[in-house]
file target_1.tsv (TSV, C-alpha atoms)
chain	number	residue	atom	x	y	z
A	987	MET	CA	-11.05	-1.70	7.47
A	988	PRO	CA	-14.55	-3.17	7.17
A	989	VAL	CA	-15.31	-6.30	5.18
A	990	ASP	CA	-17.57	-5.68	2.21
A	991	GLN	CA	-17.98	-9.32	1.21
A	992	LEU	CA	-17.14	-12.70	2.74
A	993	ILE	CA	-17.20	-15.69	0.40
A	994	GLU	CA	-16.66	-19.30	1.47
A	995	ILE	CA	-15.56	-21.71	-1.27
A	996	ASP	CA	-15.05	-25.39	-0.50
A	997	THR	CA	-13.71	-27.27	-3.51
A	998	ALA	CA	-13.23	-30.49	-1.53
A	999	LEU	CA	-16.86	-31.37	-0.76
A	1000	PRO	CA	-17.99	-33.93	0.21
A	1001	LYS	CA	-14.43	-34.77	1.38
A	1002	PRO	CA	-12.65	-32.77	4.08
A	1003	PRO	CA	-10.45	-30.02	2.64
A	1004	ARG	CA	-6.71	-30.54	2.33
A	1005	ALA	CA	-5.98	-26.94	3.34
A	1006	HIS	CA	-7.78	-23.83	4.56
A	1007	ILE	CA	-6.67	-20.59	2.88
A	1008	LEU	CA	-7.70	-17.04	3.77
A	1009	VAL	CA	-7.61	-14.53	0.90
A	1010	LEU	CA	-7.64	-10.79	1.57
A	1011	TYR	CA	-8.71	-8.82	-1.48
A	1012	THR	CA	-7.44	-5.28	-0.87
A	1013	GLY	CA	-7.80	-3.97	-4.41
A	1014	GLY	CA	-5.60	-3.81	-7.49
A	1015	THR	CA	-5.82	-4.91	-11.08
A	1016	LEU	CA	-6.20	-8.65	-10.47
A	1017	GLY	CA	-9.73	-8.48	-9.08
A	1018	MET	CA	-11.28	-6.48	-11.88
A	1019	GLN	CA	-13.56	-7.44	-14.75
A	1020	TYR	CA	-15.56	-5.61	-17.40
A	1021	ASP	CA	-19.14	-4.62	-16.71
A	1022	PRO	CA	-21.90	-6.03	-18.97
A	1023	SER	CA	-21.36	-3.19	-21.45
A	1024	GLY	CA	-17.73	-4.25	-21.87
A	1025	GLN	CA	-16.56	-0.67	-21.45
A	1026	TYR	CA	-15.69	-0.24	-17.77
A	1027	LEU	CA	-13.66	-2.24	-15.27
A	1028	VAL	CA	-15.54	-3.04	-12.06
A	1029	PRO	CA	-14.56	-5.19	-9.03
A	1030	PHE	CA	-14.83	-8.93	-9.57
A	1031	ASP	CA	-17.51	-10.77	-7.59
A	1032	PHE	CA	-15.55	-13.55	-5.89
A	1033	SER	CA	-18.73	-15.58	-5.41
A	1034	GLN	CA	-18.24	-16.42	-9.11
A	1035	ILE	CA	-14.63	-17.49	-8.72
A	1036	LEU	CA	-15.28	-21.16	-9.51
A	1037	GLU	CA	-16.97	-20.17	-12.75
A	1038	ARG	CA	-13.97	-18.04	-13.66
A	1039	LEU	CA	-11.35	-20.47	-12.31
A	1040	PRO	CA	-12.77	-24.02	-12.46
A	1041	GLU	CA	-9.19	-25.31	-11.98
A	1042	LEU	CA	-9.57	-24.56	-8.28
A	1043	ARG	CA	-11.82	-27.61	-7.92
A	1044	ARG	CA	-8.77	-29.81	-8.36
A	1045	PHE	CA	-7.05	-28.52	-5.22
A	1046	ASP	CA	-9.43	-29.72	-2.47
A	1047	PHE	CA	-9.20	-26.40	-0.61
A	1048	ARG	CA	-11.53	-24.43	1.57
A	1049	ILE	CA	-10.99	-20.82	0.57
A	1050	THR	CA	-12.36	-17.84	2.46
A	1051	VAL	CA	-12.25	-14.56	0.52
A	1052	LEU	CA	-12.56	-11.32	2.48
A	1053	THR	CA	-13.17	-8.37	0.18
A	1054	LEU	CA	-12.11	-5.32	2.14
A	1055	THR	CA	-13.66	-1.92	1.66
A	1056	PRO	CA	-12.93	0.49	0.26
A	1057	LEU	CA	-10.92	-1.30	-2.40
A	1058	LEU	CA	-7.62	0.48	-2.77
A	1059	ASP	CA	-5.42	1.51	-5.62
A	1060	SER	CA	-2.05	0.52	-4.20
A	1061	ALA	CA	-0.82	4.11	-4.56
A	1062	ASN	CA	-3.13	4.91	-1.62
A	1063	ILE	CA	-1.73	2.25	0.74
A	1064	THR	CA	-0.56	3.56	4.14
A	1065	PRO	CA	0.88	1.93	7.29
A	1066	ALA	CA	-2.65	1.98	8.73
A	1067	HIS	CA	-3.65	-0.56	6.07
A	1068	TRP	CA	-0.69	-2.80	6.93
A	1069	GLN	CA	-1.81	-2.71	10.56
A	1070	GLU	CA	-5.37	-3.68	9.62
A	1071	TRP	CA	-4.27	-6.59	7.43
A	1072	ALA	CA	-1.91	-7.85	10.11
A	1073	ALA	CA	-4.70	-7.68	12.69
A	1074	ILE	CA	-6.97	-9.78	10.46
A	1075	ILE	CA	-4.28	-12.40	9.88
A	1076	GLU	CA	-3.46	-12.47	13.59
A	1077	GLN	CA	-7.15	-12.95	14.42
A	1078	TYR	CA	-7.52	-15.92	12.05
A	1079	TYR	CA	-3.95	-17.22	12.26
A	1080	HIS	CA	-4.79	-20.55	13.90
A	1081	ALA	CA	-7.84	-21.24	11.69
A	1082	TYR	CA	-6.00	-21.26	8.35
A	1083	ASP	CA	-2.99	-22.97	6.82
A	1084	GLY	CA	-1.93	-20.01	4.72
A	1085	PHE	CA	-2.84	-16.50	3.63
A	1086	VAL	CA	-2.96	-14.78	0.24
A	1087	ILE	CA	-3.16	-10.99	-0.11
A	1088	LEU	CA	-4.39	-9.62	-3.45
A	1089	HIS	CA	-2.74	-6.24	-3.87
A	1090	GLY	CA	-1.97	-3.70	-6.57
A	1091	THR	CA	1.52	-4.00	-7.99
A	1092	ASP	CA	2.78	-0.43	-7.60
A	1093	THR	CA	3.47	-0.55	-3.85
A	1094	MET	CA	3.41	-4.30	-3.30
A	1095	ALA	CA	7.15	-4.36	-2.50
A	1096	TYR	CA	6.58	-1.86	0.33
A	1097	SER	CA	3.63	-3.80	1.75
A	1098	ALA	CA	5.39	-7.17	1.56
A	1099	SER	CA	8.46	-5.71	3.24
A	1100	ALA	CA	6.37	-4.11	5.97
A	1101	LEU	CA	4.44	-7.29	6.80
A	1102	SER	CA	7.64	-9.32	6.86
A	1103	PHE	CA	8.88	-7.16	9.75
A	1104	MET	CA	5.51	-7.21	11.51
A	1105	PHE	CA	5.32	-11.01	11.83
A	1106	GLU	CA	7.95	-12.47	14.14
A	1107	ASN	CA	8.25	-16.29	14.35
A	1108	LEU	CA	5.89	-16.72	11.39
A	1109	GLN	CA	5.12	-20.39	10.78
A	1110	LYS	CA	2.68	-20.02	7.89
A	1111	PRO	CA	2.93	-18.48	4.42
A	1112	ILE	CA	1.64	-14.99	3.67
A	1113	ILE	CA	1.72	-14.65	-0.12
A	1114	PHE	CA	1.20	-11.34	-1.90
A	1115	THR	CA	0.12	-11.50	-5.51
A	1116	GLY	CA	-1.57	-9.36	-8.12
A	1117	ALA	CA	-1.64	-8.93	-11.87
A	1118	GLN	CA	-0.72	-6.65	-14.73
A	1119	LEU	CA	-4.00	-7.47	-16.51
A	1120	PRO	CA	-7.33	-8.04	-14.74
A	1121	ILE	CA	-8.96	-11.42	-14.37
A	1122	GLY	CA	-11.72	-10.25	-16.72
A	1123	GLU	CA	-9.35	-9.89	-19.70
A	1124	ALA	CA	-9.28	-12.72	-22.22
A	1125	ARG	CA	-5.48	-12.86	-22.00
A	1126	ASN	CA	-4.25	-12.15	-18.50
A	1127	ASP	CA	-1.71	-13.08	-15.84
A	1128	ALA	CA	-4.27	-12.89	-13.03
A	1129	ARG	CA	-5.41	-16.52	-13.35
A	1130	SER	CA	-2.01	-18.17	-13.05
A	1131	ASN	CA	-0.78	-15.78	-10.36
A	1132	LEU	CA	-3.81	-16.37	-8.15
A	1133	ILE	CA	-3.99	-20.13	-8.67
A	1134	THR	CA	-0.30	-20.67	-7.96
A	1135	ALA	CA	-0.27	-18.31	-4.96
A	1136	LEU	CA	-3.11	-20.36	-3.45
A	1137	GLU	CA	-1.31	-23.60	-4.19
A	1138	ILE	CA	1.93	-22.41	-2.55
A	1139	ALA	CA	0.03	-21.05	0.47
A	1140	ALA	CA	-1.39	-24.54	1.02
A	1141	MET	CA	1.77	-26.57	0.55
A	1142	LYS	CA	3.37	-28.40	3.47
A	1143	HIS	CA	6.26	-30.72	4.16
A	1144	PRO	CA	5.36	-34.35	4.93
A	1145	ASP	CA	5.68	-33.60	8.65
A	1146	GLY	CA	3.04	-30.86	8.41
A	1147	ARG	CA	5.34	-27.84	8.48
A	1148	ALA	CA	4.52	-25.06	6.03
A	1149	ARG	CA	6.61	-25.20	2.86
A	1150	VAL	CA	7.33	-21.47	2.98
A	1151	PRO	CA	6.93	-19.96	6.47
A	1152	GLU	CA	7.53	-16.35	5.46
A	1153	VAL	CA	6.03	-13.31	3.73
A	1154	CYS	CA	6.50	-13.65	-0.03
A	1155	VAL	CA	5.54	-12.19	-3.38
A	1156	TYR	CA	4.42	-14.59	-6.11
A	1157	PHE	CA	4.42	-13.16	-9.61
A	1158	ASP	CA	5.05	-14.44	-13.13
A	1159	TYR	CA	6.07	-17.98	-12.17
A	1160	HIS	CA	8.46	-16.89	-9.41
A	1161	LEU	CA	8.17	-16.81	-5.62
A	1162	TRP	CA	10.31	-14.11	-4.01
A	1163	ARG	CA	11.06	-13.15	-0.42
A	1164	GLY	CA	8.77	-10.21	0.27
A	1165	ASN	CA	11.42	-7.86	1.64
A	1166	ARG	CA	13.76	-8.51	-1.30
A	1167	VAL	CA	11.58	-7.60	-4.27
A	1168	LYS	CA	11.32	-4.48	-6.37
A	1169	LYS	CA	8.79	-3.60	-9.03
A	1170	VAL	CA	10.82	-3.35	-12.22
A	1171	GLU	CA	8.28	-3.45	-15.06
A	1172	SER	CA	5.00	-1.66	-15.73
A	1173	GLU	CA	4.02	-3.22	-19.07
A	1174	ASP	CA	5.30	-6.80	-19.18
A	1175	PHE	CA	4.14	-9.66	-16.96
A	1176	ASP	CA	7.50	-10.03	-15.18
A	1177	ALA	CA	6.75	-7.04	-12.97
A	1178	PHE	CA	9.03	-7.98	-10.06
A	1179	ASP	CA	12.61	-9.01	-9.49
A	1180	SER	CA	14.86	-9.67	-6.52
A	1181	PRO	CA	18.27	-8.28	-7.50
A	1182	ASN	CA	20.21	-9.39	-4.42
A	1183	TYR	CA	18.52	-12.66	-3.41
A	1184	PRO	CA	17.51	-15.76	-5.42
A	1185	PHE	CA	13.91	-16.78	-6.01
A	1186	LEU	CA	12.44	-19.17	-3.42
A	1187	ALA	CA	10.50	-21.20	-5.96
A	1188	LYS	CA	9.78	-21.35	-9.67
A	1189	ALA	CA	6.55	-22.66	-11.13
A	1190	GLY	CA	6.80	-24.70	-14.29
A	1191	ILE	CA	5.33	-28.14	-14.87
A	1192	ARG	CA	6.04	-28.55	-11.16
A	1193	ILE	CA	6.74	-25.97	-8.48
A	1194	ARG	CA	10.46	-26.28	-7.71
A	1195	PHE	CA	11.50	-24.89	-4.33
A	1196	GLN	CA	14.99	-23.76	-3.40
A	1197	ASP	CA	14.82	-24.86	0.23
A	1198	SER	CA	18.25	-23.53	1.17
A	1199	TYR	CA	17.05	-19.97	0.47
A	1200	ILE	CA	13.79	-20.23	2.46
A	1201	LEU	CA	13.78	-18.99	6.06
A	1202	PRO	CA	13.98	-21.86	8.57
A	1203	TYR	CA	10.79	-22.96	10.28
A	1204	PRO	CA	10.72	-21.40	13.78
A	1205	ALA	CA	9.75	-24.58	15.62
A	1206	GLY	CA	8.40	-24.02	19.11
A	1207	ALA	CA	8.38	-20.24	18.82
A	1208	SER	CA	5.21	-18.25	19.46
A	1209	LEU	CA	3.94	-15.80	16.88
A	1210	ARG	CA	4.41	-12.14	17.72
A	1211	VAL	CA	2.75	-9.44	15.62
A	1212	HIS	CA	4.22	-5.94	15.82
A	1213	LYS	CA	1.64	-3.44	14.65
A	1214	GLN	CA	3.23	-0.10	15.51
A	1215	PHE	CA	4.79	1.94	12.73
A	1216	ASP	CA	6.29	5.42	12.79
A	1217	PRO	CA	6.26	6.78	9.22
A	1218	SER	CA	8.61	9.68	10.08
A	1219	VAL	CA	11.13	8.52	7.48
A	1220	ALA	CA	12.33	10.67	4.58
A	1221	LEU	CA	14.03	9.66	1.35
A	1222	LEU	CA	16.79	11.83	-0.12
A	1223	ARG	CA	17.92	10.60	-3.54
A	1224	LEU	CA	21.11	12.39	-4.52
A	1225	TYR	CA	21.91	13.61	-8.00
A	1226	PRO	CA	24.84	15.61	-9.38
A	1227	GLY	CA	24.46	19.31	-8.64
A	1228	MET	CA	21.62	18.91	-6.14
A	1229	PRO	CA	21.24	22.31	-4.44
A	1230	LEU	CA	22.20	22.41	-0.76
A	1231	PRO	CA	18.93	24.14	0.26
A	1232	LEU	CA	16.98	21.12	-1.04
A	1233	MET	CA	19.20	18.77	0.94
A	1234	GLU	CA	18.86	20.98	4.00
A	1235	ALA	CA	15.06	20.94	3.76
A	1236	VAL	CA	15.01	17.16	4.02
A	1237	LEU	CA	17.89	16.64	6.44
A	1238	LEU	CA	17.21	19.46	8.90
A	1239	HIS	CA	13.83	21.11	8.37
A	1240	SER	CA	11.57	18.09	7.96
A	1241	ALA	CA	9.84	16.10	10.69
A	1242	ALA	CA	11.82	13.01	9.73
A	1243	LYS	CA	13.40	11.02	12.55
A	1244	ALA	CA	15.35	8.99	9.99
A	1245	VAL	CA	16.51	9.73	6.45
A	1246	VAL	CA	17.33	7.15	3.80
A	1247	LEU	CA	20.15	8.53	1.66
A	1248	GLN	CA	20.11	7.05	-1.83
A	1249	THR	CA	23.72	7.38	-2.84
A	1250	TYR	CA	25.76	6.31	-5.85
A	1251	GLY	CA	27.30	2.93	-6.61
A	1252	SER	CA	28.58	1.16	-3.52
A	1253	GLY	CA	27.52	4.04	-1.28
A	1254	THR	CA	29.47	7.06	-2.46
A	1255	ALA	CA	28.29	10.64	-1.98
A	1256	PRO	CA	29.63	14.17	-2.52
A	1257	THR	CA	32.41	15.31	-0.22
A	1258	ASN	CA	31.86	19.03	-0.61
A	1259	PRO	CA	32.04	20.80	2.77
A	1260	GLY	CA	28.50	22.17	2.60
A	1261	PHE	CA	26.90	18.75	2.22
A	1262	LEU	CA	29.09	17.20	4.93
A	1263	ARG	CA	28.13	19.99	7.34
A	1264	LEU	CA	24.44	19.23	6.70
A	1265	LEU	CA	25.03	15.55	7.46
A	1266	GLU	CA	26.87	16.43	10.67
A	1267	LYS	CA	24.07	18.74	11.78
A	1268	ALA	CA	21.48	16.05	11.06
A	1269	LEU	CA	23.41	13.53	13.15
A	1270	GLN	CA	23.78	16.10	15.95
A	1271	ALA	CA	19.98	16.55	15.79
A	1272	ASP	CA	19.74	12.81	16.60
A	1273	LYS	CA	18.45	11.83	13.16
A	1274	ILE	CA	19.27	8.35	11.87
A	1275	LEU	CA	20.89	8.38	8.45
A	1276	LEU	CA	20.87	5.16	6.41
A	1277	ASN	CA	22.91	4.75	3.23
A	1278	VAL	CA	21.16	2.83	0.41
A	1279	SER	CA	22.54	2.48	-3.10
A	1280	GLN	CA	20.70	3.81	-6.14
A	1281	CYS	CA	21.96	0.79	-8.09
A	1282	TYR	CA	19.57	-1.94	-9.12
A	1283	GLY	CA	21.78	-4.63	-7.58
A	1284	GLY	CA	24.83	-4.86	-5.38
A	1285	ARG	CA	25.44	-3.50	-1.90
A	1286	VAL	CA	26.66	-0.49	0.01
A	1287	VAL	CA	30.23	-0.98	1.22
A	1288	GLN	CA	31.19	2.17	3.06
A	1289	GLY	CA	34.91	2.81	3.05
A	1290	THR	CA	35.72	1.28	-0.33
A	1291	TYR	CA	36.20	4.76	-1.75
A	1292	GLU	CA	37.19	8.00	-0.05
A	1293	THR	CA	33.74	9.41	-0.83
A	1294	SER	CA	32.08	6.72	1.28
A	1295	HIS	CA	34.82	6.43	3.90
A	1296	THR	CA	33.83	9.91	5.07
A	1297	LEU	CA	30.24	8.73	5.64
A	1298	GLU	CA	31.48	5.73	7.61
A	1299	LYS	CA	33.58	7.89	9.92
A	1300	MET	CA	30.66	10.25	10.53
A	1301	GLY	CA	28.40	7.47	11.79
A	1302	ILE	CA	26.08	7.08	8.82
A	1303	LEU	CA	24.71	3.53	8.74
A	1304	SER	CA	25.06	1.15	5.80
A	1305	ALA	CA	21.96	-0.63	4.48
A	1306	GLU	CA	24.28	-3.17	2.81
A	1307	ASP	CA	22.15	-4.95	0.16
A	1308	MET	CA	18.68	-3.96	1.39
A	1309	THR	CA	16.23	-2.61	-1.15
A	1310	VAL	CA	15.06	0.94	-0.58
A	1311	GLU	CA	11.55	-0.44	0.09
A	1312	ALA	CA	12.89	-2.71	2.83
A	1313	ALA	CA	15.06	0.06	4.26
A	1314	ILE	CA	12.15	2.50	4.54
A	1315	THR	CA	9.69	0.02	6.04
A	1316	LYS	CA	12.30	-1.42	8.42
A	1317	LEU	CA	13.01	2.06	9.76
A	1318	MET	CA	9.25	2.69	10.17
A	1319	PHE	CA	8.98	-0.62	12.03
A	1320	LEU	CA	11.97	0.02	14.32
A	1321	LEU	CA	10.95	3.60	15.09
A	1322	GLY	CA	7.47	2.31	15.93
A	1323	LYS	CA	8.96	0.05	18.61
A	1324	GLU	CA	9.83	3.24	20.53
A	1325	CYS	CA	13.13	1.77	21.66
A	1326	PRO	CA	16.26	3.90	22.24
A	1327	LYS	CA	17.92	5.30	19.12
A	1328	GLU	CA	21.04	3.23	19.76
A	1329	GLU	CA	18.90	0.09	19.68
A	1330	VAL	CA	17.35	1.19	16.36
A	1331	LYS	CA	20.85	1.74	14.97
A	1332	ARG	CA	21.91	-1.71	16.14
A	1333	LEU	CA	18.86	-3.48	14.70
A	1334	ILE	CA	18.96	-1.67	11.36
A	1335	LYS	CA	22.30	-3.40	10.72
A	1336	GLU	CA	21.03	-6.82	11.79
A	1337	ASN	CA	19.40	-9.35	9.50
A	1338	VAL	CA	15.93	-9.38	11.14
A	1339	ARG	CA	13.74	-11.17	8.54
A	1340	GLY	CA	16.15	-12.16	5.79
A	1341	GLU	CA	16.33	-8.64	4.32
A	1342	ILE	CA	20.14	-8.43	4.44
A	1343	THR	CA	22.71	-10.89	3.14
A	1344	LYS	CA	25.15	-11.61	5.96

call {"tool": "encode", "arguments": {"input": "target_1.tsv", "output": "structure tokens"}}
result
Amino acid sequence: MPVDQLIEIDTALPKPPRAHILVLYTGGTLGMQYDPSGQYLVPFDFSQILERLPELRRFDFRITVLTLTPLLDSANITPAHWQEWAAIIEQYYHAYDGFVILHGTDTMAYSASALSFMFENLQKPIIFTGAQLPIGEARNDARSNLITALEIAAMKHPDGRARVPEVCVYFDYHLWRGNRVKKVESEDFDAFDSPNYPFLAKAGIRIRFQDSYILPYPAGASLRVHKQFDPSVALLRLYPGMPLPLMEAVLLHSAAKAVVLQTYGSGTAPTNPGFLRLLEKALQADKILLNVSQCYGGRVVQGTYETSHTLEKMGILSAEDMTVEAAITKLMFLLGKECPKEEVKRLIKENVRGEITK
């Protein structure tokens, strides 16, 4: 992905900066403003960021903004974009204290989940943020989201360790683990929530961190960046009366190497013989089947009811309390490692980056 614009902003001059932050502007609502006619939204020129956000001068940062091209509506994000962003961060990893990715809200949960799996032994923050209203609107959430994401990306403990050494989403005064969030709102500012894991920080008069919920700092470990993804993952969301031919098309006649089954409640599914035969055939075809609940919160507990005990006996894997976004991207990540299927099945049940509550 080529860079359309590179802007250097040093708010500390003539003093040395307190932190160096790299911002990747990939697209989305946040970086938009109205053209001179006031009728059309056009990309924001980040060379004017201090005029738009004079508050940044108070932080003593050096900020580098890379505007990537083409700018993307987040509906068009693919694993190839995750690979490109990860490559940029890996290239500049030692030159910056933290990273902020400006991203559209619609698929941010997928992207944050994907990057969390890509970065092993991460010692610096990678903060995704965006906005429901563009920075050019008179009343918007873009200003506070961007300013606070930058502030969190720069924060350190007194001993120099990063305050939050993981991939996160910052939105509407809350910092969430990236592989725990879901987009839950399309009109209000509180666009994201984390139904099965607490927020990592909350911004009020001060930014209050919940240190016990933040991943431990991997002292002495070397960064590893895994860039291979295999997107051969299908999603089958069940509903009452779903015709067997539709199930068969996904389970048996697609190119999927793994299928995420979105089941009911704590992981229950129909027990009619036709559906169970399809599941058995899919397993015999060496497909990985992962059980994720359709519920907003809670976890899959296979075996609680007869309708899920059958799935457990068949060898269908439980996603426990993973979000569907984390389940899909984790499968893409594990399949991309090209390790044996049994190893994928083992790792899908392990808590790799804080995506499962154990």

call {"tool": "axis_aligned_box", "arguments": {"input": "target_1.tsv", "around": "region 1181-1187 of chain A", "padding_each_side": "6 Å", "output": "AutoDock Vina command-line options"}}
result
--center_x 15.4 --center_y -14.7 --center_z -5.5 --size_x 21.7 --size_y 24.9 --size_z 16.1

call {"tool": "residues_around", "arguments": {"input": "target_1.tsv", "residues": "region 1163-1178 of chain A", "least_positions_apart": "6", "cutoff": "10 Å", "atoms": "only C-alpha atoms", "output": "JSON, numbers by chain"}}
result
{"A": [1091, 1092, 1093, 1094, 1095, 1096, 1097, 1098, 1099, 1100, 1101, 1102, 1103, 1112, 1113, 1114, 1116, 1117, 1118, 1119, 1126, 1127, 1128, 1150, 1152, 1153, 1154, 1155, 1156, 1157, 1184, 1185, 1186, 1187, 1199, 1200, 1201, 1282, 1307, 1308, 1309, 1310, 1311, 1312, 1313, 1315, 1316, 1339, 1340, 1341, 1342]}

call {"tool": "write_last_selection", "arguments": {"input": "target_1.tsv", "atoms": "C-alpha atoms", "output": "mmCIF file, keeping the file's coordinate frame"}}
result
data_model
loop_
_atom_site.group_PDB
_atom_site.id
_atom_site.type_symbol
_atom_site.label_atom_id
_atom_site.label_comp_id
_atom_site.auth_asym_id
_atom_site.auth_seq_id
_atom_site.Cartn_x
_atom_site.Cartn_y
_atom_site.Cartn_z
ATOM 1 C CA THR A 1091 1.520 -4.000 -7.990
ATOM 2 C CA ASP A 1092 2.780 -0.430 -7.600
ATOM 3 C CA THR A 1093 3.470 -0.550 -3.850
ATOM 4 C CA MET A 1094 3.410 -4.300 -3.300
ATOM 5 C CA ALA A 1095 7.150 -4.360 -2.500
ATOM 6 C CA TYR A 1096 6.580 -1.860 0.330
ATOM 7 C CA SER A 1097 3.630 -3.800 1.750
ATOM 8 C CA ALA A 1098 5.390 -7.170 1.560
ATOM 9 C CA SER A 1099 8.460 -5.710 3.240
ATOM 10 C CA ALA A 1100 6.370 -4.110 5.970
ATOM 11 C CA LEU A 1101 4.440 -7.290 6.800
ATOM 12 C CA SER A 1102 7.640 -9.320 6.860
ATOM 13 C CA PHE A 1103 8.880 -7.160 9.750
ATOM 14 C CA ILE A 1112 1.640 -14.990 3.670
ATOM 15 C CA ILE A 1113 1.720 -14.650 -0.120
ATOM 16 C CA PHE A 1114 1.200 -11.340 -1.900
ATOM 17 C CA GLY A 1116 -1.570 -9.360 -8.120
ATOM 18 C CA ALA A 1117 -1.640 -8.930 -11.870
ATOM 19 C CA GLN A 1118 -0.720 -6.650 -14.730
ATOM 20 C CA LEU A 1119 -4.000 -7.470 -16.510
ATOM 21 C CA ASN A 1126 -4.250 -12.150 -18.500
ATOM 22 C CA ASP A 1127 -1.710 -13.080 -15.840
ATOM 23 C CA ALA A 1128 -4.270 -12.890 -13.030
ATOM 24 C CA VAL A 1150 7.330 -21.470 2.980
ATOM 25 C CA GLU A 1152 7.530 -16.350 5.460
ATOM 26 C CA VAL A 1153 6.030 -13.310 3.730
ATOM 27 C CA CYS A 1154 6.500 -13.650 -0.030
ATOM 28 C CA VAL A 1155 5.540 -12.190 -3.380
ATOM 29 C CA TYR A 1156 4.420 -14.590 -6.110
ATOM 30 C CA PHE A 1157 4.420 -13.160 -9.610
ATOM 31 C CA PRO A 1184 17.510 -15.760 -5.420
ATOM 32 C CA PHE A 1185 13.910 -16.780 -6.010
ATOM 33 C CA LEU A 1186 12.440 -19.170 -3.420
ATOM 34 C CA ALA A 1187 10.500 -21.200 -5.960
ATOM 35 C CA TYR A 1199 17.050 -19.970 0.470
ATOM 36 C CA ILE A 1200 13.790 -20.230 2.460
ATOM 37 C CA LEU A 1201 13.780 -18.990 6.060
ATOM 38 C CA TYR A 1282 19.570 -1.940 -9.120
ATOM 39 C CA ASP A 1307 22.150 -4.950 0.160
ATOM 40 C CA MET A 1308 18.680 -3.960 1.390
ATOM 41 C CA THR A 1309 16.230 -2.610 -1.150
ATOM 42 C CA VAL A 1310 15.060 0.940 -0.580
ATOM 43 C CA GLU A 1311 11.550 -0.440 0.090
ATOM 44 C CA ALA A 1312 12.890 -2.710 2.830
ATOM 45 C CA ALA A 1313 15.060 0.060 4.260
ATOM 46 C CA THR A 1315 9.690 0.020 6.040
ATOM 47 C CA LYS A 1316 12.300 -1.420 8.420
ATOM 48 C CA ARG A 1339 13.740 -11.170 8.540
ATOM 49 C CA GLY A 1340 16.150 -12.160 5.790
ATOM 50 C CA GLU A 1341 16.330 -8.640 4.320
ATOM 51 C CA ILE A 1342 20.140 -8.430 4.440
#

call {"tool": "atom_distance", "arguments": {"input": "target_1.tsv", "atom1": "CA of Lys1188 (chain A)", "atom2": "CA of Tyr1159 (chain A)"}}
result
5.6 Å

call {"tool": "closest_residue", "arguments": {"input": "target_1.tsv", "among": "A:Pro1029, A:Pro1181, A:Pro1259, A:Gly1146", "to": "Arg1285 (chain A)", "atoms": "only C-alpha atoms"}}
result
A:Pro1181

call {"tool": "residues_around", "arguments": {"input": "target_1.tsv", "residues": "region 1059-1067 of chain A", "least_positions_apart": "2", "cutoff": "7 Å", "atoms": "only C-alpha atoms", "output": "list in words"}}
result
Gly1013, Gly1014, Leu1057, Gln1069, Glu1070, Trp1071, His1089, Gly1090, Thr1091, Asp1092, Thr1093 and Phe1215 of chain A

call {"tool": "write_last_selection", "arguments": {"input": "target_1.tsv", "atoms": "C-alpha atoms", "output": "CSV table (one decimal), in the coordinates of the input"}}
result
chain,number,residue,atom,x,y,z
A,1013,GLY,CA,-7.8,-4.0,-4.4
A,1014,GLY,CA,-5.6,-3.8,-7.5
A,1057,LEU,CA,-10.9,-1.3,-2.4
A,1069,GLN,CA,-1.8,-2.7,10.6
A,1070,GLU,CA,-5.4,-3.7,9.6
A,1071,TRP,CA,-4.3,-6.6,7.4
A,1089,HIS,CA,-2.7,-6.2,-3.9
A,1090,GLY,CA,-2.0,-3.7,-6.6
A,1091,THR,CA,1.5,-4.0,-8.0
A,1092,ASP,CA,2.8,-0.4,-7.6
A,1093,THR,CA,3.5,-0.6,-3.8
A,1215,PHE,CA,4.8,1.9,12.7

call {"tool": "closest_residue", "arguments": {"input": "target_1.tsv", "among": "A:Cys1325, A:Leu1333, A:Ala1255, A:Ile1133", "to": "Glu1298 (chain A)", "atoms": "only C-alpha atoms"}}
result
A:Ala1255

call {"tool": "atom_distance", "arguments": {"input": "target_1.tsv", "atom1": "CA of Tyr1225 (chain A)", "atom2": "CA of Glu1266 (chain A)"}}
result
19.5 Å

call {"tool": "atom_distance", "arguments": {"input": "target_1.tsv", "atom1": "CA of Gly1284 (chain A)", "atom2": "CA of Leu1317 (chain A)"}}
result
20.4 Å

call {"tool": "closest_residue", "arguments": {"input": "target_1.tsv", "among": "A:Leu1237, A:Val1338, A:Leu1230, A:Ala1140", "to": "Leu1008 (chain A)", "atoms": "all atoms listed in the file"}}
result
A:Ala1140

call {"tool": "closest_residue", "arguments": {"input": "target_1.tsv", "among": "A:Glu1123, A:Glu1137, A:Gly1322, A:Asp1197", "to": "Phe1085 (chain A)", "atoms": "all atoms listed in the file"}}
result
A:Glu1137

call {"tool": "closest_residue", "arguments": {"input": "target_1.tsv", "among": "A:Pro1202, A:Asn1182, A:Ala1235, A:Asn1337", "to": "Gly1283 (chain A)", "atoms": "all atoms listed in the file"}}
result
A:Asn1182

call {"tool": "residues_near_point", "arguments": {"input": "target_1.tsv", "point": "(20.1, 1.1, 3.7)", "cutoff": "6 Å", "atoms": "all atoms listed in the file", "output": "list in words"}}
result
Leu1276, Asn1277, Val1278, Ser1304, Ala1305, Met1308 and Ala1313 of chain A
